[in-house]
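Peer 1: This is the content of work.txt (compact mmCIF, C-alpha atoms):
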# COMPACT_ATOMS: atom_id res chain seq x y z
CA MET A 1 -60.83 -68.67 3.46
CA THR A 2 -58.17 -71.34 3.90
CA ALA A 3 -55.55 -70.40 6.47
CA SER A 4 -56.75 -69.35 9.89
CA PRO A 5 -55.53 -65.92 11.03
CA PRO A 6 -52.40 -65.89 13.17
CA ALA A 7 -53.17 -66.14 16.88
CA PHE A 8 -53.34 -62.73 18.46
CA GLU A 9 -52.22 -62.05 21.99
CA LEU A 10 -52.90 -58.96 24.07
CA SER A 11 -49.81 -57.11 25.17
CA PRO A 12 -48.98 -57.44 28.88
CA THR A 13 -49.99 -53.78 29.37
CA GLU A 14 -53.38 -54.34 27.79
CA GLN A 15 -53.87 -57.57 29.76
CA ALA A 16 -53.25 -55.65 32.95
CA GLN A 17 -55.59 -52.82 31.86
CA LEU A 18 -58.30 -55.31 31.02
CA ALA A 19 -57.97 -57.16 34.32
CA ALA A 20 -58.09 -53.88 36.27
CA LEU A 21 -61.20 -52.73 34.40
CA ARG A 22 -62.94 -56.02 35.06
CA ARG A 23 -62.20 -55.57 38.76
CA GLY A 24 -63.90 -52.16 38.55
CA ASP A 25 -60.69 -50.17 39.10
CA GLU A 26 -61.58 -46.53 38.55
CA ASN A 27 -58.02 -45.38 37.97
CA ALA A 28 -57.56 -47.88 35.19
CA PHE A 29 -60.68 -46.46 33.58
CA ARG A 30 -59.46 -42.87 33.96
CA GLU A 31 -56.17 -43.78 32.30
CA LEU A 32 -57.89 -45.44 29.41
CA VAL A 33 -60.15 -42.44 28.93
CA ALA A 34 -57.16 -40.10 28.94
CA GLU A 35 -55.45 -42.27 26.36
CA TYR A 36 -58.30 -42.97 23.96
CA HIS A 37 -61.28 -40.69 24.43
CA GLY A 38 -59.95 -37.95 22.15
CA ALA A 39 -59.31 -40.44 19.38
CA MET A 40 -62.76 -41.92 19.87
CA VAL A 41 -64.42 -38.53 19.48
CA ARG A 42 -62.41 -37.96 16.33
CA ILE A 43 -63.46 -41.31 14.94
CA ALA A 44 -67.10 -40.52 15.73
CA GLN A 45 -66.69 -37.18 13.98
CA MET A 46 -65.91 -38.99 10.77
CA PHE A 47 -69.49 -40.20 10.67
CA VAL A 48 -71.50 -37.49 12.39
CA ASP A 49 -71.36 -33.77 11.77
CA ASP A 50 -71.67 -32.21 15.07
CA ARG A 51 -68.90 -32.29 17.63
CA ASP A 52 -71.40 -32.52 20.48
CA ILE A 53 -73.01 -35.53 18.89
CA ALA A 54 -69.60 -37.10 18.34
CA GLU A 55 -68.87 -36.56 22.01
CA GLN A 56 -72.18 -38.20 22.93
CA VAL A 57 -71.45 -41.15 20.66
CA ALA A 58 -68.02 -41.63 22.24
CA GLN A 59 -69.57 -41.59 25.70
CA GLU A 60 -72.14 -44.18 24.64
CA ALA A 61 -69.28 -46.23 23.24
CA TRP A 62 -67.59 -46.31 26.64
CA LEU A 63 -70.73 -47.73 28.17
CA GLY A 64 -70.73 -50.35 25.42
CA VAL A 65 -67.11 -51.10 26.24
CA LEU A 66 -67.83 -51.58 29.95
CA ARG A 67 -70.85 -53.73 29.27
CA GLY A 68 -68.90 -55.80 26.76
CA LEU A 69 -65.89 -56.39 29.03
CA GLU A 70 -66.98 -59.84 30.11
CA ARG A 71 -67.48 -60.95 26.53
CA PHE A 72 -64.26 -59.43 25.16
CA GLN A 73 -61.98 -62.30 24.24
CA GLY A 74 -58.85 -60.44 23.32
CA ARG A 75 -58.81 -61.48 19.67
CA SER A 76 -57.84 -57.93 18.79
CA SER A 77 -56.02 -55.32 20.82
CA LEU A 78 -58.02 -53.42 23.39
CA LYS A 79 -57.47 -50.25 21.36
CA THR A 80 -58.81 -51.81 18.16
CA TRP A 81 -61.81 -53.12 20.06
CA LEU A 82 -62.59 -49.67 21.54
CA PHE A 83 -62.30 -48.03 18.14
CA THR A 84 -64.47 -50.66 16.49
CA ILE A 85 -67.21 -50.09 19.04
CA VAL A 86 -67.19 -46.33 18.57
CA SER A 87 -67.05 -46.50 14.78
CA ASN A 88 -69.98 -48.92 14.64
CA LEU A 89 -72.07 -46.71 16.89
CA ALA A 90 -71.14 -43.58 14.98
CA LYS A 91 -71.91 -45.20 11.63
CA THR A 92 -75.43 -46.01 12.79
CA ARG A 93 -75.83 -42.53 14.17
CA GLY A 94 -74.36 -40.94 11.04
CA LYS A 95 -76.97 -42.54 8.84
CA ARG A 96 -79.65 -40.84 10.87
CA GLU A 97 -78.04 -37.40 10.71
CA LYS A 98 -77.77 -36.09 7.21
CA ARG A 99 -74.24 -34.81 6.67
CA THR A 100 -74.20 -31.19 5.65
CA ILE A 101 -71.23 -29.37 4.23
CA PRO A 102 -70.05 -26.35 6.21
CA PHE A 103 -69.40 -23.12 4.39
CA SER A 104 -65.65 -23.28 4.97
CA PHE A 105 -65.42 -26.11 2.48
CA PHE A 106 -66.32 -23.97 -0.51
CA ALA A 107 -62.69 -23.33 -1.39
CA LEU A 108 -62.19 -27.05 -1.77
CA ARG A 109 -65.11 -27.39 -4.11
CA LYS A 110 -63.03 -25.84 -6.86
CA LEU A 111 -60.99 -29.01 -6.84
CA GLU A 112 -62.77 -31.25 -9.26
CA ASN A 113 -64.05 -34.61 -7.98
CA TYR A 114 -62.61 -33.90 -4.57
CA ASP A 115 -65.51 -35.46 -2.71
CA GLN A 116 -66.12 -38.25 -5.22
CA ASP A 117 -64.97 -41.79 -4.82
CA THR A 118 -64.29 -42.44 -8.49
CA ASP A 119 -61.15 -43.83 -10.03
CA GLU A 120 -59.67 -40.37 -10.46
CA PRO A 121 -55.97 -39.72 -11.12
CA ALA A 122 -53.72 -38.40 -8.35
CA VAL A 123 -53.00 -35.35 -10.49
CA PRO A 124 -55.44 -34.01 -13.13
CA GLU A 125 -54.54 -35.03 -16.68
CA ASN A 126 -54.18 -31.46 -17.86
CA ARG A 127 -51.05 -31.05 -15.75
CA PHE A 128 -49.24 -33.42 -18.11
CA ARG A 129 -48.26 -33.20 -21.79
CA ASP A 130 -50.75 -34.97 -24.02
CA ALA A 131 -50.29 -37.94 -26.32
CA LYS A 132 -49.33 -35.81 -29.33
CA ASP A 133 -46.35 -34.41 -27.47
CA LEU A 134 -42.87 -35.91 -27.79
CA TYR A 135 -42.75 -35.92 -23.98
CA ALA A 136 -46.25 -37.30 -23.51
CA GLY A 137 -47.02 -38.04 -19.86
CA HIS A 138 -44.36 -35.68 -18.54
CA TRP A 139 -45.18 -32.53 -16.60
CA ALA A 140 -46.68 -29.68 -18.57
CA MET A 141 -47.14 -27.72 -15.33
CA LYS A 142 -44.57 -28.87 -12.80
CA PRO A 143 -45.37 -28.63 -9.11
CA VAL A 144 -43.63 -25.66 -7.51
CA PRO A 145 -41.85 -26.30 -4.20
CA TRP A 146 -43.85 -25.03 -1.23
CA GLU A 147 -42.29 -22.33 0.81
CA VAL A 148 -43.39 -23.62 4.16
CA ASP A 149 -41.12 -24.35 7.04
CA PRO A 150 -42.19 -27.83 8.19
CA GLU A 151 -41.22 -26.90 11.75
CA ARG A 152 -43.58 -23.94 11.80
CA VAL A 153 -46.47 -25.21 9.74
CA ALA A 154 -48.45 -26.32 12.81
CA LEU A 155 -48.45 -22.71 14.03
CA ASN A 156 -50.38 -21.64 10.95
CA SER A 157 -53.82 -22.25 12.41
CA GLU A 158 -55.60 -21.17 9.24
CA LEU A 159 -53.71 -23.77 7.22
CA MET A 160 -54.38 -26.40 9.85
CA LYS A 161 -58.11 -25.65 9.80
CA TYR A 162 -58.09 -25.79 6.02
CA LEU A 163 -56.31 -29.12 6.18
CA GLU A 164 -58.89 -30.49 8.60
CA ALA A 165 -61.59 -29.39 6.21
CA ALA A 166 -59.72 -31.01 3.33
CA VAL A 167 -59.75 -34.32 5.18
CA GLU A 168 -63.37 -33.88 6.20
CA MET A 169 -64.41 -33.33 2.58
CA LEU A 170 -62.97 -36.63 1.36
CA PRO A 171 -65.34 -39.49 0.51
CA GLU A 172 -66.04 -41.55 3.62
CA GLN A 173 -63.70 -44.49 3.16
CA GLN A 174 -60.79 -42.31 2.10
CA ARG A 175 -61.43 -40.02 5.03
CA ILE A 176 -61.43 -42.86 7.51
CA VAL A 177 -58.25 -44.42 6.19
CA ILE A 178 -56.23 -41.22 6.00
CA THR A 179 -57.43 -40.15 9.47
CA LEU A 180 -56.38 -43.40 11.06
CA ARG A 181 -53.08 -43.67 9.19
CA ASP A 182 -51.79 -40.12 9.01
CA ILE A 183 -53.52 -38.27 11.83
CA GLN A 184 -53.84 -41.02 14.42
CA GLY A 185 -50.66 -42.78 13.33
CA TRP A 186 -52.04 -46.31 13.03
CA THR A 187 -50.12 -48.90 11.04
CA ALA A 188 -51.52 -50.28 7.78
CA GLU A 189 -52.14 -53.57 9.54
CA GLU A 190 -54.13 -51.98 12.37
CA VAL A 191 -56.30 -50.14 9.84
CA CYS A 192 -56.93 -53.28 7.78
CA ASN A 193 -57.90 -55.22 10.90
CA ALA A 194 -60.15 -52.56 12.37
CA LEU A 195 -61.96 -51.85 9.11
CA GLY A 196 -61.87 -55.38 7.73
CA ILE A 197 -60.35 -54.35 4.40
CA ALA A 198 -57.55 -55.86 2.34
CA GLU A 199 -54.06 -54.37 2.35
CA THR A 200 -54.23 -53.36 -1.34
CA ASN A 201 -57.59 -51.71 -0.86
CA GLN A 202 -56.27 -49.82 2.14
CA ARG A 203 -53.37 -48.56 0.01
CA VAL A 204 -55.61 -47.45 -2.84
CA LEU A 205 -57.83 -45.49 -0.46
CA LEU A 206 -54.81 -43.96 1.26
CA HIS A 207 -53.28 -43.03 -2.08
CA ARG A 208 -56.41 -41.27 -3.32
CA ALA A 209 -56.84 -39.50 -0.03
CA ARG A 210 -53.24 -38.30 0.25
CA SER A 211 -53.12 -37.24 -3.39
CA LYS A 212 -56.24 -35.13 -2.91
CA VAL A 213 -55.03 -33.57 0.30
CA ARG A 214 -51.78 -32.67 -1.46
CA ARG A 215 -53.82 -30.97 -4.20
CA ALA A 216 -55.73 -29.09 -1.53
CA MET A 217 -52.49 -27.98 0.13
CA GLU A 218 -51.16 -26.88 -3.26
CA GLU A 219 -54.33 -24.88 -3.90
CA TYR A 220 -53.94 -23.17 -0.56
CA LEU A 221 -50.22 -22.51 -0.71
CA GLN A 222 -50.12 -21.05 -4.20
CA MET B 1 -34.05 -50.70 -17.38
CA THR B 2 -36.34 -51.00 -20.36
CA ASN B 3 -39.08 -48.43 -20.74
CA GLU B 4 -38.88 -45.32 -18.64
CA LEU B 5 -41.68 -44.20 -16.35
CA THR B 6 -43.58 -41.08 -17.26
CA CYS B 7 -44.33 -38.45 -14.62
CA GLN B 8 -48.02 -39.27 -14.95
CA GLU B 9 -47.26 -42.90 -14.06
CA LEU B 10 -44.92 -41.96 -11.26
CA VAL B 11 -47.46 -39.90 -9.32
CA GLU B 12 -49.65 -43.00 -9.04
CA LEU B 13 -46.82 -45.02 -7.48
CA VAL B 14 -45.94 -42.65 -4.66
CA THR B 15 -47.98 -44.35 -1.94
CA ASP B 16 -46.78 -47.82 -2.93
CA TYR B 17 -43.26 -46.39 -2.91
CA PHE B 18 -43.65 -44.95 0.60
CA GLU B 19 -45.30 -48.13 1.86
CA ASN B 20 -42.59 -50.39 0.44
CA ALA B 21 -45.13 -52.16 -1.73
CA LEU B 22 -43.17 -51.96 -4.99
CA THR B 23 -41.12 -54.76 -6.50
CA GLU B 24 -37.37 -54.24 -6.66
CA THR B 25 -37.62 -53.41 -10.36
CA GLU B 26 -40.43 -50.93 -9.91
CA ARG B 27 -38.62 -49.29 -7.04
CA ALA B 28 -35.49 -48.92 -9.15
CA ARG B 29 -37.53 -47.35 -11.97
CA VAL B 30 -39.09 -44.87 -9.56
CA GLU B 31 -35.73 -43.92 -8.09
CA GLN B 32 -34.12 -43.61 -11.49
CA HIS B 33 -36.90 -41.30 -12.61
CA LEU B 34 -36.69 -39.18 -9.45
CA ALA B 35 -32.96 -38.74 -9.87
CA SER B 36 -33.46 -36.94 -13.16
CA CYS B 37 -36.83 -35.22 -12.82
CA ASP B 38 -37.12 -32.19 -10.57
CA GLY B 39 -40.90 -31.93 -11.08
CA CYS B 40 -41.45 -35.42 -9.68
CA ASP B 41 -38.88 -34.86 -6.99
CA THR B 42 -40.85 -31.81 -5.83
CA TYR B 43 -44.07 -33.81 -6.08
CA VAL B 44 -42.77 -36.62 -3.86
CA GLU B 45 -41.44 -34.06 -1.38
CA GLN B 46 -44.88 -32.40 -1.28
CA MET B 47 -46.51 -35.75 -0.57
CA ARG B 48 -44.09 -36.19 2.34
CA GLU B 49 -44.86 -32.70 3.63
CA THR B 50 -48.59 -33.41 3.34
CA ILE B 51 -48.26 -36.54 5.47
CA GLU B 52 -46.05 -34.78 7.98
CA THR B 53 -48.48 -31.88 8.31
CA LEU B 54 -51.44 -34.23 8.76
CA GLY B 55 -49.54 -35.77 11.66
CA LYS B 56 -49.57 -32.39 13.37
CA LEU B 57 -53.34 -32.13 13.55
CA GLN B 58 -53.72 -32.42 17.29
CA GLU B 59 -55.99 -34.53 19.37
CA LYS B 60 -58.05 -32.45 21.72
CA ASP B 61 -57.78 -33.15 25.45
CA VAL B 62 -60.70 -34.70 27.24
CA SER B 63 -62.82 -31.90 28.70
CA ALA B 64 -63.47 -31.87 32.45
CA GLU B 65 -67.17 -32.15 31.68
CA ALA B 66 -66.71 -35.27 29.55
CA GLN B 67 -64.43 -36.75 32.16
CA GLU B 68 -67.11 -36.25 34.85
CA LYS B 69 -69.80 -37.82 32.69
CA LEU B 70 -67.63 -40.79 31.91
CA LEU B 71 -66.84 -41.38 35.55
CA THR B 72 -70.57 -41.38 36.28
CA VAL B 73 -71.05 -43.92 33.50
CA PHE B 74 -68.31 -46.01 35.05
CA ARG B 75 -69.72 -45.84 38.59
CA ASP B 76 -73.22 -46.71 37.37
CA TRP B 77 -71.82 -49.64 35.48
CA ARG B 78 -70.05 -50.85 38.59
CA LEU B 79 -73.30 -50.75 40.54
CA GLU B 80 -75.07 -52.52 37.69
CA THR B 81 -72.61 -55.39 37.81
CA GLY B 82 -73.22 -55.73 41.52
CA GLU B 83 -69.86 -54.69 42.91
Take the structure in this file and express it as structure tokens.
Peer 2:
Amino acid sequence: MTASPPAFELSPTEQAQLAALRRGDENAFRELVAEYHGAMVRIAQMFVDDRDIAEQVAQEAWLGVLRGLERFQGRSSLKTWLFTIVSNLAKTRGKREKRTIPFSFFALRKLENYDQDTDEPAVPENRFRDAKDLYAGHWAMKPVPWEVDPERVALNSELMKYLEAAVEMLPEQQRIVITLRDIQGWTAEEVCNALGIAETNQRVLLHRARSKVRRAMEEYLQ
Amino acid sequence: MTNELTCQELVELVTDYFENALTETERARVEQHLASCDGCDTYVEQMRETIETLGKLQEKDVSAEAQEKLLTVFRDWRLETGE
């Protein structure tokens, strides 16, 4: 803890949004809800099972946001602050609800260690030639190109549901990081700030998560 | 270039490669390997497709019911703060 963090300033848009909210401007609130509520429910869903509960948690979070407006000092972006409030609430709530695994996840169970947060390789060892081989460490079973049209993949609702399940099945930290980065489109920096983790740690979690989801896709597409 | 990367090593570098977190030397080793290994080339492509597909998981719109509830929360809060 030597250097102090670089000074953060709210963007002009967020400054205006904040000022309007503090004045009690209902339209400003509506706009913010339209922009962030969906993401907040999704964040809550990472910690609680039930969509209705996630919705409830997100609504509670908004109340927390409004009540915290006076104290908010703008040391992070408004967005990061909103998401921190909802994730903290959902974490507390999630500990009370025991996570259960829906039936649709059984297909993913075949993938060894999928839901474990161990130091597992991106690709199982048995896909590579072993140490006795002249080409040790090279593919024994090469990946086969997927025959999916990237433009049309979103129309395959079964695949999309499977993919959602694949993300849901990941160990908690990996699930959070990949959701924020790849589904919500946050930058690495935003994720590190919101979760309070180091850049390298963020990358390790992202790597494990993406590698597993690729394995899940491969399992499905073969 | 001294020792060549194995495929097993390469698959662990993909995220660092995408995130520009490799040194110049490491990056060159990855690219050299990819140029001559179709298995790894496919693998990296699949990682890209995975990321791209994840990006297509859609946010759901705010339901009218949720919107109503939130507006009530907002109006109550405004009363609470003595507006």
Peer 1: If you count all atoms listed in the file, which residues fall within 12 Å of Thr72 in chain B, apart from same-chain ones fewer than 6 positions away, as a PyMOL selection string?
Peer 2: (chain A and resi 26+29-30+59+62-63) or (chain B and resi 65-66+78-79)
Peer 1: Next, dump the selected residues to file, keeping only C-alpha atoms, as a PDB file, keeping the file's coordinate frame.
Peer 2:
ATOM      1  CA  GLU A  26     -61.580 -46.530  38.550  1.00  0.00           C
ATOM      2  CA  PHE A  29     -60.680 -46.460  33.580  1.00  0.00           C
ATOM      3  CA  ARG A  30     -59.460 -42.870  33.960  1.00  0.00           C
ATOM      4  CA  GLN A  59     -69.570 -41.590  25.700  1.00  0.00           C
ATOM      5  CA  TRP A  62     -67.590 -46.310  26.640  1.00  0.00           C
ATOM      6  CA  LEU A  63     -70.730 -47.730  28.170  1.00  0.00           C
TER       7      LEU A  63
ATOM      8  CA  GLU B  65     -67.170 -32.150  31.680  1.00  0.00           C
ATOM      9  CA  ALA B  66     -66.710 -35.270  29.550  1.00  0.00           C
ATOM     10  CA  ARG B  78     -70.050 -50.850  38.590  1.00  0.00           C
ATOM     11  CA  LEU B  79     -73.300 -50.750  40.540  1.00  0.00           C
TER      12      LEU B  79
END
Peer 1: I'd like the neighbourhood of Val213 in chain A as JSON, numbers by chain, where a residue qualifies if any of its atoms comes within 8 Å (using all atoms listed in the file), though same-chain residues fewer than 6 positions away should be ignored.
Peer 2: {"A": [163, 166, 167], "B": [50]}
Peer 1: For the contact check between chain B and chain A, emit one row per residue of chain B within 9 Å, containing the shortest atom pair and the distance in Å rounded to one decimal, counting all atoms listed in the file, chain then rising number order, as JSON lines.
Peer 2:
{"residue": "B:Leu5", "atom": "CA", "partner": "A:Gly137", "partner_atom": "CA", "distance": 8.9}
{"residue": "B:Thr6", "atom": "CA", "partner": "A:Gly137", "partner_atom": "CA", "distance": 5.3}
{"residue": "B:Cys7", "atom": "CA", "partner": "A:His138", "partner_atom": "CA", "distance": 4.8}
{"residue": "B:Gln8", "atom": "CA", "partner": "A:Gly137", "partner_atom": "CA", "distance": 5.2}
{"residue": "B:Glu9", "atom": "CA", "partner": "A:Gly137", "partner_atom": "CA", "distance": 7.6}
{"residue": "B:Val11", "atom": "CA", "partner": "A:Ala122", "partner_atom": "CA", "distance": 6.5}
{"residue": "B:Glu12", "atom": "CA", "partner": "A:Ala122", "partner_atom": "CA", "distance": 6.2}
{"residue": "B:Leu13", "atom": "CA", "partner": "A:His207", "partner_atom": "CA", "distance": 8.7}
{"residue": "B:Val14", "atom": "CA", "partner": "A:His207", "partner_atom": "CA", "distance": 7.8}
{"residue": "B:Thr15", "atom": "CA", "partner": "A:His207", "partner_atom": "CA", "distance": 5.5}
{"residue": "B:Asp16", "atom": "CA", "partner": "A:Arg203", "partner_atom": "CA", "distance": 7.3}
{"residue": "B:Glu19", "atom": "CA", "partner": "A:Arg203", "partner_atom": "CA", "distance": 8.3}
{"residue": "B:Asp38", "atom": "CA", "partner": "A:Lys142", "partner_atom": "CA", "distance": 8.5}
{"residue": "B:Gly39", "atom": "CA", "partner": "A:Lys142", "partner_atom": "CA", "distance": 5.1}
{"residue": "B:Cys40", "atom": "CA", "partner": "A:Pro143", "partner_atom": "CA", "distance": 7.9}
{"residue": "B:Thr42", "atom": "CA", "partner": "A:Pro145", "partner_atom": "CA", "distance": 5.8}
{"residue": "B:Tyr43", "atom": "CA", "partner": "A:Pro143", "partner_atom": "CA", "distance": 6.1}
{"residue": "B:Glu45", "atom": "CA", "partner": "A:Pro145", "partner_atom": "CA", "distance": 8.3}
{"residue": "B:Gln46", "atom": "CA", "partner": "A:Arg214", "partner_atom": "CA", "distance": 6.9}
{"residue": "B:Met47", "atom": "CA", "partner": "A:Arg214", "partner_atom": "CA", "distance": 6.2}
{"residue": "B:Glu49", "atom": "CA", "partner": "A:Pro150", "partner_atom": "CA", "distance": 7.2}
{"residue": "B:Thr50", "atom": "CA", "partner": "A:Arg214", "partner_atom": "CA", "distance": 5.8}
{"residue": "B:Ile51", "atom": "CA", "partner": "A:Asp182", "partner_atom": "CA", "distance": 6.1}
{"residue": "B:Glu52", "atom": "CA", "partner": "A:Asp182", "partner_atom": "CA", "distance": 7.9}
{"residue": "B:Thr53", "atom": "CA", "partner": "A:Val153", "partner_atom": "CA", "distance": 7.1}
{"residue": "B:Leu54", "atom": "CA", "partner": "A:Ile183", "partner_atom": "CA", "distance": 5.5}
{"residue": "B:Gly55", "atom": "CA", "partner": "A:Ile183", "partner_atom": "CA", "distance": 4.7}
{"residue": "B:Lys56", "atom": "CA", "partner": "A:Ala154", "partner_atom": "CA", "distance": 6.2}
{"residue": "B:Leu57", "atom": "CA", "partner": "A:Ile183", "partner_atom": "CA", "distance": 6.4}
{"residue": "B:Gln58", "atom": "CA", "partner": "A:Ile183", "partner_atom": "CA", "distance": 8.0}
{"residue": "B:Glu59", "atom": "CA", "partner": "A:Gly38", "partner_atom": "CA", "distance": 5.9}
{"residue": "B:Lys60", "atom": "CA", "partner": "A:Gly38", "partner_atom": "CA", "distance": 5.8}
{"residue": "B:Asp61", "atom": "CA", "partner": "A:Gly38", "partner_atom": "CA", "distance": 6.2}
{"residue": "B:Val62", "atom": "CA", "partner": "A:Gly38", "partner_atom": "CA", "distance": 6.1}
{"residue": "B:Ala66", "atom": "CA", "partner": "A:Gln59", "partner_atom": "CA", "distance": 7.9}
{"residue": "B:Gln67", "atom": "CA", "partner": "A:Val33", "partner_atom": "CA", "distance": 7.8}
{"residue": "B:Lys69", "atom": "CA", "partner": "A:Gln59", "partner_atom": "CA", "distance": 7.9}
{"residue": "B:Leu70", "atom": "CA", "partner": "A:Gln59", "partner_atom": "CA", "distance": 6.6}
{"residue": "B:Leu71", "atom": "CA", "partner": "A:Arg30", "partner_atom": "CA", "distance": 7.7}
{"residue": "B:Val73", "atom": "CA", "partner": "A:Leu63", "partner_atom": "CA", "distance": 6.6}
{"residue": "B:Phe74", "atom": "CA", "partner": "A:Leu63", "partner_atom": "CA", "distance": 7.5}
{"residue": "B:Arg75", "atom": "CA", "partner": "A:Glu26", "partner_atom": "CA", "distance": 8.2}
{"residue": "B:Trp77", "atom": "CA", "partner": "A:Leu66", "partner_atom": "CA", "distance": 7.1}
{"residue": "B:Arg78", "atom": "CA", "partner": "A:Gly24", "partner_atom": "CA", "distance": 6.3}
{"residue": "B:Thr81", "atom": "CA", "partner": "A:Arg67", "partner_atom": "CA", "distance": 8.9}
{"residue": "B:Glu83", "atom": "CA", "partner": "A:Gly24", "partner_atom": "CA", "distance": 7.8}
Peer 1: Counting all atoms listed in the file, which residue out of A:Ala194, A:Leu10, A:Ala165, A:Ala19 sits closest to Gly74 in chain A?
Peer 2: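 Among the listed residues, the smallest separation from Gly74 in chain A belongs to A:Leu10.
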Peer 1: Interatomic distance between CA of Leu170 in chain A and CA of Gln116 in chain A?
Peer 2: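 Separation of CA of Leu170 in chain A and CA of Gln116 in chain A: 7.5 Å.
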Peer 1: Given all atoms listed in the file as the basis, pick out the residue of B:Asp76, B:Leu34, B:Arg29, B:Phe18 nearest to Glu4 in chain B.
Peer 2: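 Closest candidate: B:Arg29.
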Peer 1: Kindly indicate which residue among A:Glu147, A:Ala44, A:Asp50, A:Leu180 lies nearest to Thr92 in chain A, using only C-alpha atoms for the distances.
Peer 2: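 Distance minimum relative to Thr92 in chain A lands on A:Ala44.
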Peer 1: What does the structure give for the distance between CA of Val48 in chain A and CA of Leu89 in chain A, in Å to one decimal?
Peer 2: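 Here the two named atoms are 10.3 Å from each other.
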